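Report on the following structure.
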Amino acid sequence: RVVKVLIWGAGAIGGTIGAYLVRAGHDVTFVDLVEEHVDAIRANGLHITGPVDDFGVKASAFTPRELHGRWNLVVLCTKAQHTAHAARQLAPHLHEDGYVVSAQNGLNELVLADALGAERVMGCFVNFGGDYLSPGTILYGGRGAVVLGELDGQDTPRLRALHELFLTFDDAAITTGNIFGYLWSKLAYGALLFATALTNDSIADALSLSEYRATYIALAREVLRVAVTTGIQPEAFDGFDPAAFMPSASDEQASKSMDDMVAFNRKSAKTHSGIWRDLAVRKRPTEVVQEESILTAGQACGVPTPIIARLVSLVRDLESGRRSLGRENLDALRDAMGRAATAEQPA
């Protein structure tokens, strides 16, 4: 059965998923803000390159102001900070009984639920490696977890249909009754990626630096403390084991998970995070709003988040040019970890 799909955001995530759906014979329309990217897709198609696959597809592509029509299925793949604006733009293109799948980083399902209604939103977790290389060309650098789920955890016909569709992208895609467990685990892992992006080191090289190992572990523990306090049961994926960062877990368990994450990232042709690319290559704001959502959640449930707060301030400094990329930023994060540990000591 041919499925009609609107991919909103044709970059690393949307471009990769959408190209596979086109190749499988589905009716895919791409929307993107970057006019050069849209023009390139129109003229020469969308090209996926890298160690996983190498192919091109012909597809329809538009900027938001050019788009006409309505869809039952919209896959939203924008940066987290653009979610609310994208929701307003895509709403007129969504059928009354249609829904949006948030294939993004962060808790954007909650933003979409506020804007469109929870019943019109599906949760999605992706961890594959992709990069926007140039107009019309996307790097698919390495496979990673792909998980789909209803926000209320129910097993529904539309979830099963969506899963069948996504299997044409990745035959290891799964469904879950705990999508927020995956999203919060990705927030913890994402905090580690933000930390690696403070430097020019690759993800694997930065995570393997022994002098910052305790800082990384403390960062993940802080995020997951907020998650568990808010009633979330975090889920494991691609070497990230949330159980290893719980209060009852040992430093050795946490270090083992760190080693597993290094090994996972060594296998990918995507050496640096999209966060680093935003800072170092594309010179644009990052998705640090993801980390700011942790601060908000921590404040609401009474869990201090001083290390995340310092991470956010360091990223904002890098965005504004007040700092430069380098390991001295990890030193500043390690100092924040030390101050947090001191503050926790009984008087």
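By order in the structure tokens, chains are A, B, ...; within a chain, residues start at 1; ligands start at 1, following the order shown.
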
Would you list the contacts of segment 45-56 of chain A as a compact mmCIF listing (two decimals) with all heavy atoms, in the first residue's frame, taking every protein, DNA or RNA residue within 6 Å and counting only C-alpha atoms, but skipping same-chain residues closer than 2 positions in sequence?
```txt
# COMPACT_ATOMS: atom_id res chain seq x y z
N ILE A 41 16.80 19.49 -4.67
CA ILE A 41 15.97 18.28 -4.70
C ILE A 41 15.09 18.30 -5.95
O ILE A 41 14.94 17.29 -6.64
CB ILE A 41 15.12 18.17 -3.43
CG1 ILE A 41 16.01 17.98 -2.20
CG2 ILE A 41 14.13 17.01 -3.54
CD1 ILE A 41 15.28 18.04 -0.88
N ARG A 42 14.54 19.46 -6.26
CA ARG A 42 13.70 19.57 -7.46
C ARG A 42 14.49 19.29 -8.73
O ARG A 42 14.01 18.61 -9.64
CB ARG A 42 13.11 20.98 -7.55
CG ARG A 42 11.98 21.28 -6.60
CD ARG A 42 11.63 22.74 -6.69
NE ARG A 42 10.45 23.09 -5.93
CZ ARG A 42 10.07 24.32 -5.69
NH1 ARG A 42 10.79 25.35 -6.14
NH2 ARG A 42 8.97 24.57 -4.99
N LYS A 58 14.08 10.81 -6.85
CA LYS A 58 13.38 11.99 -7.32
C LYS A 58 12.19 12.24 -6.39
O LYS A 58 11.49 11.29 -6.02
CB LYS A 58 12.86 11.77 -8.75
CG LYS A 58 13.98 11.59 -9.78
CD LYS A 58 14.78 12.86 -9.96
CE LYS A 58 15.82 12.72 -11.07
NZ LYS A 58 16.66 13.94 -11.22
N GLY A 136 20.74 19.12 -1.40
CA GLY A 136 20.40 17.89 -2.11
C GLY A 136 21.17 16.66 -1.68
O GLY A 136 20.92 15.57 -2.19
N THR A 137 22.10 16.79 -0.70
CA THR A 137 22.93 15.65 -0.31
C THR A 137 22.96 15.50 1.22
O THR A 137 23.28 16.44 1.94
CB THR A 137 24.37 15.82 -0.81
OG1 THR A 137 24.35 15.98 -2.23
CG2 THR A 137 25.21 14.60 -0.46
N ILE A 138 22.65 14.28 1.68
CA ILE A 138 22.61 13.94 3.10
C ILE A 138 23.54 12.76 3.37
O ILE A 138 23.54 11.78 2.62
CB ILE A 138 21.17 13.55 3.54
CG1 ILE A 138 20.16 14.65 3.24
CG2 ILE A 138 21.15 13.16 5.02
CD1 ILE A 138 20.34 15.91 4.03
N LEU A 139 24.34 12.86 4.42
CA LEU A 139 25.16 11.74 4.87
C LEU A 139 24.35 10.86 5.81
O LEU A 139 23.82 11.34 6.81
CB LEU A 139 26.41 12.25 5.61
CG LEU A 139 27.23 11.17 6.34
CD1 LEU A 139 27.97 10.28 5.34
CD2 LEU A 139 28.20 11.80 7.33
N TYR A 140 24.27 9.57 5.50
CA TYR A 140 23.73 8.58 6.42
C TYR A 140 24.94 7.84 6.98
O TYR A 140 25.45 6.91 6.37
CB TYR A 140 22.77 7.65 5.69
CG TYR A 140 22.02 6.65 6.54
CD1 TYR A 140 22.02 6.72 7.94
CD2 TYR A 140 21.28 5.63 5.95
CE1 TYR A 140 21.33 5.81 8.71
CE2 TYR A 140 20.58 4.71 6.71
CZ TYR A 140 20.61 4.79 8.08
OH TYR A 140 19.91 3.89 8.85
N GLY A 141 25.39 8.28 8.16
CA GLY A 141 26.68 7.85 8.66
C GLY A 141 26.68 6.57 9.47
O GLY A 141 27.72 5.93 9.63
```

TODO: For segment 28-31 of chain A, please output as a PyMOL selection string all residues within 9 Å (counting only C-alpha atoms; exclusion window: fewer than 2 positions along the same chain).
DONE: chain A and resi 3-10+14-15+18-19+21-22+25-26+33+38+41+59-64+67

Task: Spatial neighbours of Ala204 of chain A, max dist 10 Å, only C-alpha atoms, sep filter under 4 positions, as number ranges by chain - done: A: 193, 196, 208-209, 258-259, 261-268, 271-272

Task: Which of A:Ala243, A:Leu76, A:Ile17, A:Leu295 sits closest to Ala173 of chain A [using only C-alpha atoms] - done: A:Ile17

Task: 10 Å contact set for Arg225 of chain A, only C-alpha atoms, chain neighbours under 4 positions out, as JSON, numbers by chain - done: {"A": [188, 220, 221, 229, 230, 232, 245, 246, 247, 298, 303, 304, 305]}

Go ahead and dump the residues you just picked, N, CA and C atoms, as an mmCIF file, in the first residue's frame.
```
data_model
loop_
_atom_site.group_PDB
_atom_site.id
_atom_site.type_symbol
_atom_site.label_atom_id
_atom_site.label_comp_id
_atom_site.auth_asym_id
_atom_site.auth_seq_id
_atom_site.Cartn_x
_atom_site.Cartn_y
_atom_site.Cartn_z
ATOM 1 N N ALA A 188 19.343 12.545 28.262
ATOM 2 C CA ALA A 188 20.557 12.307 29.049
ATOM 3 C C ALA A 188 21.749 12.077 28.129
ATOM 4 N N ALA A 220 24.934 12.807 33.176
ATOM 5 C CA ALA A 220 23.861 11.860 32.871
ATOM 6 C C ALA A 220 23.024 11.554 34.110
ATOM 7 N N ARG A 221 23.683 11.416 35.252
ATOM 8 C CA ARG A 221 22.950 11.136 36.496
ATOM 9 C C ARG A 221 21.987 12.275 36.841
ATOM 10 N N THR A 229 12.312 11.262 38.997
ATOM 11 C CA THR A 229 11.487 12.022 39.948
ATOM 12 C C THR A 229 10.150 12.420 39.337
ATOM 13 N N THR A 230 10.128 12.626 38.024
ATOM 14 C CA THR A 230 8.879 12.985 37.345
ATOM 15 C C THR A 230 8.076 11.765 36.901
ATOM 16 N N ILE A 232 9.236 8.988 35.157
ATOM 17 C CA ILE A 232 9.664 8.355 33.913
ATOM 18 C C ILE A 232 10.516 7.127 34.211
ATOM 19 N N PHE A 245 23.342 4.692 35.435
ATOM 20 C CA PHE A 245 23.495 6.052 35.961
ATOM 21 C C PHE A 245 22.504 6.351 37.084
ATOM 22 N N MET A 246 21.860 5.295 37.592
ATOM 23 C CA MET A 246 20.944 5.457 38.709
ATOM 24 C C MET A 246 21.729 5.517 40.024
ATOM 25 N N PRO A 247 21.102 6.052 41.086
ATOM 26 C CA PRO A 247 21.806 6.178 42.375
ATOM 27 C C PRO A 247 22.342 4.860 42.908
ATOM 28 N N GLY A 298 13.358 20.070 36.152
ATOM 29 C CA GLY A 298 14.018 19.926 37.450
ATOM 30 C C GLY A 298 13.491 20.917 38.467
ATOM 31 N N VAL A 303 14.337 19.088 41.779
ATOM 32 C CA VAL A 303 15.642 18.431 41.630
ATOM 33 C C VAL A 303 16.652 19.452 41.106
ATOM 34 N N PRO A 304 17.715 19.740 41.854
ATOM 35 C CA PRO A 304 18.719 20.703 41.378
ATOM 36 C C PRO A 304 19.430 20.197 40.124
ATOM 37 N N THR A 305 19.728 21.105 39.204
ATOM 38 C CA THR A 305 20.413 20.727 37.959
ATOM 39 C C THR A 305 21.556 21.707 37.660
#
```

- [ ] Write down as a list in words the residues of segment 83-176 of chain A whose backbone DSSP state falls under alpha helix (DSSP H).
- [x]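 Those residues are Thr83, Ala84, His85, Ala86, Ala87, Arg88, Gln89, Leu90, Asn108, Glu109, Leu110, Val111, Leu112, Ala113, Asp114, Ala115, Leu116, Pro157, Arg158, Leu159, Arg160, Ala161, Leu162, His163, Glu164, Leu165 and Phe166 of chain A.
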
Open item on the list: Ranking A:Ala343, A:Ile13, A:Ala332, A:Ala172 by minimum distance to Gly130 of chain A and counting only C-alpha atoms, which one comes first?
Closed with: A:Ile13

Open item on the list: Report as a VMD selection string all protein, DNA and RNA residues lying within 10 Å of Val289 of chain A, evaluated on only C-alpha atoms, omitting residues in the same chain fewer than 5 positions from it.
Closed with: chain A and resid 79 to 81 106 to 107 294 to 295 312

Report as JSON lines the residues of segment 258-301 of chain A within 10 Å of segment 179-187 of chain A, each with its shortest atom pair and distance in Å (one decimal), using only C-alpha atoms, ordered by chain and increasing residue number.
```
{"residue": "A:Gln290", "atom": "CA", "partner": "A:Leu187", "partner_atom": "CA", "distance": 7.1}
{"residue": "A:Glu291", "atom": "CA", "partner": "A:Leu187", "partner_atom": "CA", "distance": 7.3}
{"residue": "A:Ser293", "atom": "CA", "partner": "A:Leu187", "partner_atom": "CA", "distance": 9.4}
{"residue": "A:Ile294", "atom": "CA", "partner": "A:Leu187", "partner_atom": "CA", "distance": 8.1}
```

Task: A:Ala86, A:His93, A:Glu319, A:Ala269 ranked by distance to Gly69 of chain A, top pick (using only C-alpha atoms) - done: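 Result for the nearest residue to Gly69 of chain A: A:His93.
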
Task: strand (DSSP E or B) per DSSP on the backbone: members of segment 128-210 of chain A, as a list in words - done: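 Listing strand (DSSP E or B) positions across segment 128-210 of chain A yields Gly129, Gly130, Asp131, Tyr132, Leu133, Ser134, Thr137, Ile138, Leu139, Tyr140, Gly141, Gly142, Val146, Val147, Leu148, Gly149, Glu150, Ile174 and Thr175 of chain A.
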
Task: Gly153 of chain A surroundings by only C-alpha atoms, 6 Å radius, close-in-sequence under 3 positions cut, as an NGL selection string - done: :A and (150 or 177-178)

Task: Å distance separating atom CA of Ala340 of chain A from atom CA of Tyr216 of chain A, one decimal place - done: 13.6 Å

With a distance cut-off of 8 Å and only C-alpha atoms, select the neighbouring residues of segment 88-92 of chain A, excluding the residue or stretch itself and same-chain residues fewer than 4 positions from it, and output the selection as a PDB file with N, CA and C atoms, in the first residue's frame.
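Writing done, so here's out-v9.pdb:
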```
ATOM      1  N   PRO A  64       7.853  26.213   2.877  1.00  0.00           N
ATOM      2  CA  PRO A  64       6.529  26.272   3.523  1.00  0.00           C
ATOM      3  C   PRO A  64       5.543  27.197   2.825  1.00  0.00           C
ATOM      4  N   ARG A  70      -3.229  18.792   1.754  1.00  0.00           N
ATOM      5  CA  ARG A  70      -3.386  18.305   3.124  1.00  0.00           C
ATOM      6  C   ARG A  70      -2.972  16.839   3.184  1.00  0.00           C
ATOM      7  N   ALA A  84       7.433  24.823  17.653  1.00  0.00           N
ATOM      8  CA  ALA A  84       6.177  25.561  17.799  1.00  0.00           C
ATOM      9  C   ALA A  84       5.819  26.303  16.517  1.00  0.00           C
ATOM     10  N   ALA A 115      -0.015  22.433  20.851  1.00  0.00           N
ATOM     11  CA  ALA A 115      -0.395  23.198  19.664  1.00  0.00           C
ATOM     12  C   ALA A 115      -1.494  22.532  18.855  1.00  0.00           C
ATOM     13  N   LEU A 116      -1.489  21.194  18.778  1.00  0.00           N
ATOM     14  CA  LEU A 116      -2.381  20.479  17.860  1.00  0.00           C
ATOM     15  C   LEU A 116      -3.378  19.558  18.558  1.00  0.00           C
TER      16      LEU A 116
END
```

Open item on the list: Restricting the calculation to only C-alpha atoms: of A:Val146, A:Met337, A:Leu224, A:Val75, which residue gets closest to Leu112 of chain A?
Closed with: A:Val75

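Comparing A:Gln253, A:Ser313, A:Leu151, A:Asp131 by their smallest distance to Arg282 of chain A, the closest is A:Asp131 (using only C-alpha atoms).
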
Task: Å distance separating atom CA of Arg284 of chain A from atom CA of Thr296 of chain A, one decimal place - done: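 Between these atoms lies a distance of 23.5 Å.
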
With 8 Å as the cut-off and only C-alpha atoms counted, what is the closest atom pair between each nearby residue of segment 36-116 of chain A and segment 120-124 of chain A? Distances in Å to one decimal, ordered by chain and number, as JSON lines.
```
{"residue": "A:Asp97", "atom": "CA", "partner": "A:Arg120", "partner_atom": "CA", "distance": 7.5}
{"residue": "A:Gly98", "atom": "CA", "partner": "A:Arg120", "partner_atom": "CA", "distance": 6.4}
{"residue": "A:Tyr99", "atom": "CA", "partner": "A:Arg120", "partner_atom": "CA", "distance": 4.2}
{"residue": "A:Val100", "atom": "CA", "partner": "A:Val121", "partner_atom": "CA", "distance": 4.9}
{"residue": "A:Val101", "atom": "CA", "partner": "A:Met122", "partner_atom": "CA", "distance": 4.7}
{"residue": "A:Ser102", "atom": "CA", "partner": "A:Cys124", "partner_atom": "CA", "distance": 5.5}
{"residue": "A:Ala103", "atom": "CA", "partner": "A:Cys124", "partner_atom": "CA", "distance": 5.1}
{"residue": "A:Gln104", "atom": "CA", "partner": "A:Cys124", "partner_atom": "CA", "distance": 7.4}
{"residue": "A:Glu109", "atom": "CA", "partner": "A:Gly123", "partner_atom": "CA", "distance": 6.2}
{"residue": "A:Leu112", "atom": "CA", "partner": "A:Val121", "partner_atom": "CA", "distance": 6.7}
{"residue": "A:Ala113", "atom": "CA", "partner": "A:Val121", "partner_atom": "CA", "distance": 6.2}
{"residue": "A:Leu116", "atom": "CA", "partner": "A:Arg120", "partner_atom": "CA", "distance": 6.3}
```
